[in-house]
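A short write-up of the structure that comes next.
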Amino acid sequence: MNEELRDKARALGLDRLTEEHLRQFERATTGMERHLRRLPRGMPVAQEPAHVYRAKGEAP
Amino acid sequence: MSGDLAYLGLAEAAELIRAKKLSPVEYVTALLARIERDDAKYNTFIALTPERAMTAARAAEAEIAAGRWRGPFHGVPYALKDIIDVEGVATTAHSKILMGNTARRNAVVTERLEAAGGVLLGKLSTHEFAIGGPSFDLPWPPARNPWSRDHFCGGSSSGSGAGLAAGFFPAALGTDTGGSIRNPASMCGITGMKATYGRVSRRGVAPLAFSLDHIGPMTRTVRDNALMLQVIAAHDPGDPGSADEPVPDYRALLGRDVGGLRIGVIRHFYTRDVAGDPEQVEALDAAVKLLAEAGAEVSEIMLPALQDFSACGQIILAAEAYAVHEQWLKERPEDYGARARERLLAGATLRAVDYLQAVRWRLQLRDRVAAAFADIDLGITASSMDPACRIDDDQALAANYWRQARMPFNVTGQPGLVIPAGFSKSGLPLSMQLVGHPFGEAMLYRVAQFYEDATGWTKRHPPELSD
C-alpha cells in the first residue's frame with residue numbers, strides 16, 4: 001500500500017485502518033471524486049444553501 | 001398455516017378483526033409459527049419479540065371484545081427495520097458496532113404504531129447502518145429474496161421487503177436516504193412509500209444523512225400502505241426536519257379512476273441517462289400505455305440528468321454520514337462490514353466547501369424539478385433499472401447503487417411510491433415509481449391503486465412459499 005495513502009488517512013485521524021481498509025478508502029475517495037467533478041462551481045453569489053438553523057431553536 | 005393468513009393484507013385483516021371474525025392472538029400465533037418455520041431461509045429478522053407480541057395481541061383482542069376498536073391497525077402485526085428504536089429492545093443497525101445497544105425509549109413512529117394498537121413481531125435485517133450491504137461479514141447474515149434465494153432482495157430495508165414477500169407480516173417500516181425503501185420494494189415485488197421529506201418523524205431512528213433521511217411504510221398493497229402512512233404521518237416539533245403540514249386522509253382518493261390526470265413520464269432517466277434493462281423498460285412502457293388508455297393525459301417531461309441528482313445526493317449523503325460515523329471509523333474500523341466501511345469512508349476527504357456547494361446545487365435541482373412538475377399531477381419513472389441481480393454478483397451489486405432513479409427524490413424531498421409492474425421472464429419482480437408534488441402522497445395512492453386493480457400484480461406471491 002502506498003505510503004501517501006496511509007499518510008492521508010493518518011492526517012484524517014484514521015490511523016487504525018488496515019491494508020484492506022486502505023484499499024477501500026482509496027476506492028471510496030476515487031468514487032467520490034467522480035461525483036465532485038459534476039459539482040457546479042460559480043453559482044450566484046447570493047445563493048444560500050438550505051438552512052435548518054432557526055434563531056429561536058426548535059420546540060422541545 | 002393457511003396461505004390465506006400469511007398473505008392477508010392489513011386492510012382485510014383490520015376488517016376481519018373489527019368484525020371479530022379474526023382473533024389477533026390467532027393471527028399473531030400463525031405468523032410467528034410461519035416465521036419460525038421459514039425465516040432461516042430468508043434471514044429477515046435480527047430479533048423476534050414473541051412474548052411482547054403475544055401480550056399486545058391479547059390486549060388488542062380484549063379491547064376489541066370490549067368494544068374499544070382503535071382503528072385499522074388495532075391487533076395487526078408489523079415489524080420494524082432494526083435502526084428504529086423500541087424501548088427495552090436492542091437497536092443494532094445490523095452492526096457489530098451497536099451490538100447490545102438497548103433502546104431507552106420508543107421512536108416516535110414506534111409510539112404511533114403502538115398507540116394505534118399494532119402488534120410488533122420483531123426487528124428486521126438491514127444493510128449495516130442503512131448504507132452497506134448485502135454483507136456476509138456481519139454478526140447476522142443478509143436477508144434473501146423470497147422470489148429467489150440466490151438473488152438480492154434490495155436494501156437497505158432488506159428484511160422489510162423480504163419479510164413482506166415471504167408472508168411474514170402485512171406491514172413494516174423502512175427508511176430511505178438514497179432509495180432504501182424503494183429498492184427492496186422493487187426487488188421483492190411489494191409497495192414502498194418514501195413520503196415527502198418531513199412528513200414522518202425520524203426521532204428515535206439511527207440517522208444516516210439528516211437532510212436526506214425518510215421513514216416510510218412498506219406493505220404488499222397500495223391500500224395497506226395508505227393505512228400505515230395515516231398512522232405514522234404527523235408533525236413532530238422534536239425532529240428539526242419535520243414539516244408542520246396538515247395530514248390529509250390518504251384513503252380519500254382510493255377507488256377513483258385516472259381520467260383527466262396529467263402524468264409526466266420521466267423517460268430519459270431509464271432510456272438516455274441510464275439504459276434500463278429491456279424487460280424493465282417494456283414494463284414501464286406498458287404501465288404508461290395502460291394509464292393513457294384509461295384516460296390519463298400522458299406526456300414526457302425532462303429533468304436534469306440522473307447523474308446530477310446522483311452526484312449531488314451522494315456528496316451530501318457521504319458528508320452527513322461521515323459526521324455520524326467519524327469517531328467509530330477512527331476507533332473501531334474493524335467492527336464495520338467491508339461494504340459499509342467503504343461507503344462511509346467516502347466522506348472522509350470531503351471539504352466543507354464541497355458539501356455546501358452540493359447543498360446549494362440541491363436547491364437549483366429542486367427548483368428545476370418543481371418547474372417541470374408545474375403542469376402535471378404526478379410523474380412516472382423507473383425505480384430500479386434492472387430486476388434483482390444474484391446476491392453473489394459483486395459487480396452487479398455495485399451497479400445497483402447507480403442503476404436506479406430513486407436518489408433524485410431524496411434530493412428534492414418529493415414523495416416516491418414504488419409498486420410492482422410485472423415480472424421478468426425469469427420470474428423476478430419489475431417495478432415502477434410514481435412521483436408526486438410535495439405532500440401529494442394521496443394522488444400517488446390514487447393512481448397506484450387504479451393500476452394495482454387493473455393489473456393484479458400484487459396478488460402474486462413467491463411460488464416456493466405458497467402453501
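By order of appearance in the C-alpha cells: chains A, B, ..., then residues from 1 within every chain, and ligands from 1 in the order shown.
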Counting only C-alpha atoms, what are the residues of chain A within 8 Å of chain B, and for each of them which pair of atoms is the nearest and at what distance in Å, to one decimal? Sort the table by chain and rising number, as a tab-separated table.
```
residue	atom	partner	partner_atom	distance
A:Leu12	CA	B:Ala348	CA	7.3
A:Gly13	CA	B:Lys330	CA	6.2
A:Leu14	CA	B:Lys330	CA	4.9
A:Asp15	CA	B:Lys330	CA	7.0
A:Arg16	CA	B:Lys330	CA	6.5
A:Leu17	CA	B:Pro333	CA	6.5
A:His21	CA	B:Glu342	CA	7.6
A:Gln24	CA	B:Glu342	CA	5.0
A:Phe25	CA	B:Leu345	CA	5.7
A:Arg27	CA	B:Glu342	CA	7.6
A:Ala28	CA	B:Ala346	CA	4.6
A:Thr29	CA	B:Ala346	CA	5.2
A:Gly31	CA	B:Ala346	CA	7.6
A:Met32	CA	B:Ala346	CA	6.1
A:His35	CA	B:Ala311	CA	4.5
A:Leu36	CA	B:Ala311	CA	7.0
A:Arg38	CA	B:Ala311	CA	6.7
A:Leu39	CA	B:Ala358	CA	6.7
A:Pro40	CA	B:Trp361	CA	7.2
A:Arg41	CA	B:Gln357	CA	7.5
A:Gln47	CA	B:Arg360	CA	6.9
A:Glu48	CA	B:Arg360	CA	6.3
A:Pro49	CA	B:Arg360	CA	4.3
A:Ala50	CA	B:Val359	CA	6.5
A:Val52	CA	B:Pro240	CA	7.0
A:Glu58	CA	B:Pro240	CA	6.6
A:Ala59	CA	B:Pro237	CA	5.4
A:Pro60	CA	B:Gly238	CA	5.5
```
Now that the selection is made, can you save its residues with C-alpha atoms as an mmCIF file, in the first residue's frame?
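again_16.cif written:
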```cif
data_model
loop_
_atom_site.group_PDB
_atom_site.id
_atom_site.type_symbol
_atom_site.label_atom_id
_atom_site.label_comp_id
_atom_site.auth_asym_id
_atom_site.auth_seq_id
_atom_site.Cartn_x
_atom_site.Cartn_y
_atom_site.Cartn_z
ATOM 1 C CA LEU A 12 -7.577 12.423 8.966
ATOM 2 C CA GLY A 13 -7.147 10.527 12.235
ATOM 3 C CA LEU A 14 -7.814 7.209 10.511
ATOM 4 C CA ASP A 15 -4.656 5.545 11.800
ATOM 5 C CA ARG A 16 -6.280 2.227 12.647
ATOM 6 C CA LEU A 17 -7.087 1.375 9.038
ATOM 7 C CA HIS A 21 -9.310 -0.797 4.811
ATOM 8 C CA GLN A 24 -11.457 0.507 0.493
ATOM 9 C CA PHE A 25 -10.598 4.089 1.423
ATOM 10 C CA ARG A 27 -11.843 3.144 -3.875
ATOM 11 C CA ALA A 28 -14.248 5.269 -1.859
ATOM 12 C CA THR A 29 -12.399 8.520 -2.440
ATOM 13 C CA GLY A 31 -15.652 7.175 -6.472
ATOM 14 C CA MET A 32 -16.385 10.427 -4.672
ATOM 15 C CA HIS A 35 -19.257 12.891 -8.170
ATOM 16 C CA LEU A 36 -17.265 16.011 -7.291
ATOM 17 C CA ARG A 38 -20.090 17.152 -11.657
ATOM 18 C CA LEU A 39 -20.457 19.703 -8.869
ATOM 19 C CA PRO A 40 -21.168 23.110 -10.423
ATOM 20 C CA ARG A 41 -18.926 25.957 -9.389
ATOM 21 C CA GLN A 47 -27.490 31.819 -3.409
ATOM 22 C CA GLU A 48 -27.564 30.426 0.106
ATOM 23 C CA PRO A 49 -27.745 26.753 0.923
ATOM 24 C CA ALA A 50 -30.865 25.298 2.531
ATOM 25 C CA VAL A 52 -32.323 24.144 9.069
ATOM 26 C CA GLU A 58 -36.630 24.016 17.870
ATOM 27 C CA ALA A 59 -39.609 23.422 20.090
ATOM 28 C CA PRO A 60 -38.962 20.595 22.613
#
```
>> Using DSSP secondary structure from the backbone, list all alpha helix (DSSP H) positions within stretch 366-458 of chain B, as a PyMOL selection string.
In response: chain B and resi 366-372+394-399+407-412+441-455
>> Taking 5 positions as the minimum chain separation for residues in the same chain, which residues sit within 8 Å of B:Met432 when counting only C-alpha atoms? Answer as a PyMOL selection string.
In response: chain B and resi 186+284+380-384+418-421
>> Excluding B:Met443 and its own-chain neighbours fewer than 4 positions away, which residues fall within 8 Å of it when counting only C-alpha atoms? Please give them as a list in words.
In response: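 The residues that qualify are Leu253, Asp377, Leu378, Gly436 and Val447 of chain B.
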Can I get the selected residues back with N, CA and C atoms, as a compact mmCIF listing (two decimals), in the first residue's frame?
```txt
# COMPACT_ATOMS: atom_id res chain seq x y z
N LEU B 253 -58.76 9.36 -1.95
CA LEU B 253 -58.83 9.26 -3.41
C LEU B 253 -58.78 7.83 -3.92
N ASP B 377 -49.87 16.36 -12.66
CA ASP B 377 -50.36 15.93 -11.35
C ASP B 377 -49.38 14.98 -10.67
N LEU B 378 -48.67 14.23 -11.48
CA LEU B 378 -47.65 13.33 -10.92
C LEU B 378 -46.70 12.89 -12.03
N GLY B 436 -44.67 12.42 -6.74
CA GLY B 436 -45.70 13.45 -6.54
C GLY B 436 -45.15 14.82 -6.22
N VAL B 447 -53.47 6.77 -8.09
CA VAL B 447 -53.05 6.20 -9.37
C VAL B 447 -52.51 4.78 -9.17
```
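For the pair atom CA of B:Val205 and atom CA of B:Val108, the interatomic distance is 8.5 Å.
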>> Would you compute the distance between atom CA of B:Leu124 and atom CA of B:Ser156? Give it in Å to one decimal.
In response: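 That distance, rounded to one decimal, is 10.7 Å.
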> Where in stretch 182-242 of chain B does DSSP assign strand (DSSP E), given as an NGL selection string?
Replying inline: :B and (191-194 or 214-219)
>> Using only C-alpha atoms, which protein or nucleic acid residues come within 9 Å of B:Cys389? Drop anything in the same chain fewer than 3 positions from it, and give the result as a list in words.
In response: Asp150, His151, Phe152, Cys153, Met187, Asp386, Asp392, Asp393, Ala396, Leu397 and Asn400 of chain B
So that I have them on file, write out the residues from the current selection with N, CA and C atoms, as a PDB file, in the first residue's frame.
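After the write, selection_24.pdb holds the following:
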```
ATOM      1  N   ASP B 150     -31.243 -16.938  -4.253  1.00  0.00           N
ATOM      2  CA  ASP B 150     -29.913 -16.604  -4.773  1.00  0.00           C
ATOM      3  C   ASP B 150     -29.840 -15.158  -5.257  1.00  0.00           C
ATOM      4  N   HIS B 151     -30.935 -14.458  -5.153  1.00  0.00           N
ATOM      5  CA  HIS B 151     -30.953 -13.096  -5.674  1.00  0.00           C
ATOM      6  C   HIS B 151     -31.042 -12.062  -4.555  1.00  0.00           C
ATOM      7  N   PHE B 152     -30.564 -10.895  -4.887  1.00  0.00           N
ATOM      8  CA  PHE B 152     -30.542  -9.741  -3.989  1.00  0.00           C
ATOM      9  C   PHE B 152     -31.991  -9.328  -3.683  1.00  0.00           C
ATOM     10  N   CYS B 153     -32.254  -9.010  -2.424  1.00  0.00           N
ATOM     11  CA  CYS B 153     -33.622  -8.570  -2.086  1.00  0.00           C
ATOM     12  C   CYS B 153     -33.696  -7.053  -1.983  1.00  0.00           C
ATOM     13  N   MET B 187     -37.247  -4.932  -5.734  1.00  0.00           N
ATOM     14  CA  MET B 187     -36.650  -6.269  -5.830  1.00  0.00           C
ATOM     15  C   MET B 187     -37.593  -7.369  -5.339  1.00  0.00           C
ATOM     16  N   ASP B 386     -33.060  -2.556 -13.282  1.00  0.00           N
ATOM     17  CA  ASP B 386     -32.931  -3.986 -13.553  1.00  0.00           C
ATOM     18  C   ASP B 386     -33.737  -4.778 -12.531  1.00  0.00           C
ATOM     19  N   ASP B 392     -24.494 -12.875  -5.036  1.00  0.00           N
ATOM     20  CA  ASP B 392     -23.043 -13.061  -5.004  1.00  0.00           C
ATOM     21  C   ASP B 392     -22.361 -12.384  -6.195  1.00  0.00           C
ATOM     22  N   ASP B 393     -23.078 -11.553  -6.917  1.00  0.00           N
ATOM     23  CA  ASP B 393     -22.514 -10.875  -8.090  1.00  0.00           C
ATOM     24  C   ASP B 393     -22.054  -9.469  -7.679  1.00  0.00           C
ATOM     25  N   ALA B 396     -22.584  -6.515 -10.190  1.00  0.00           N
ATOM     26  CA  ALA B 396     -23.982  -6.088 -10.350  1.00  0.00           C
ATOM     27  C   ALA B 396     -24.484  -5.405  -9.078  1.00  0.00           C
ATOM     28  N   LEU B 397     -24.028  -5.873  -7.931  1.00  0.00           N
ATOM     29  CA  LEU B 397     -24.438  -5.233  -6.674  1.00  0.00           C
ATOM     30  C   LEU B 397     -23.910  -3.802  -6.609  1.00  0.00           C
ATOM     31  N   ASN B 400     -25.951  -1.576  -8.703  1.00  0.00           N
ATOM     32  CA  ASN B 400     -27.259  -1.311  -8.101  1.00  0.00           C
ATOM     33  C   ASN B 400     -27.348   0.101  -7.521  1.00  0.00           C
TER      34      ASN B 400
END
```
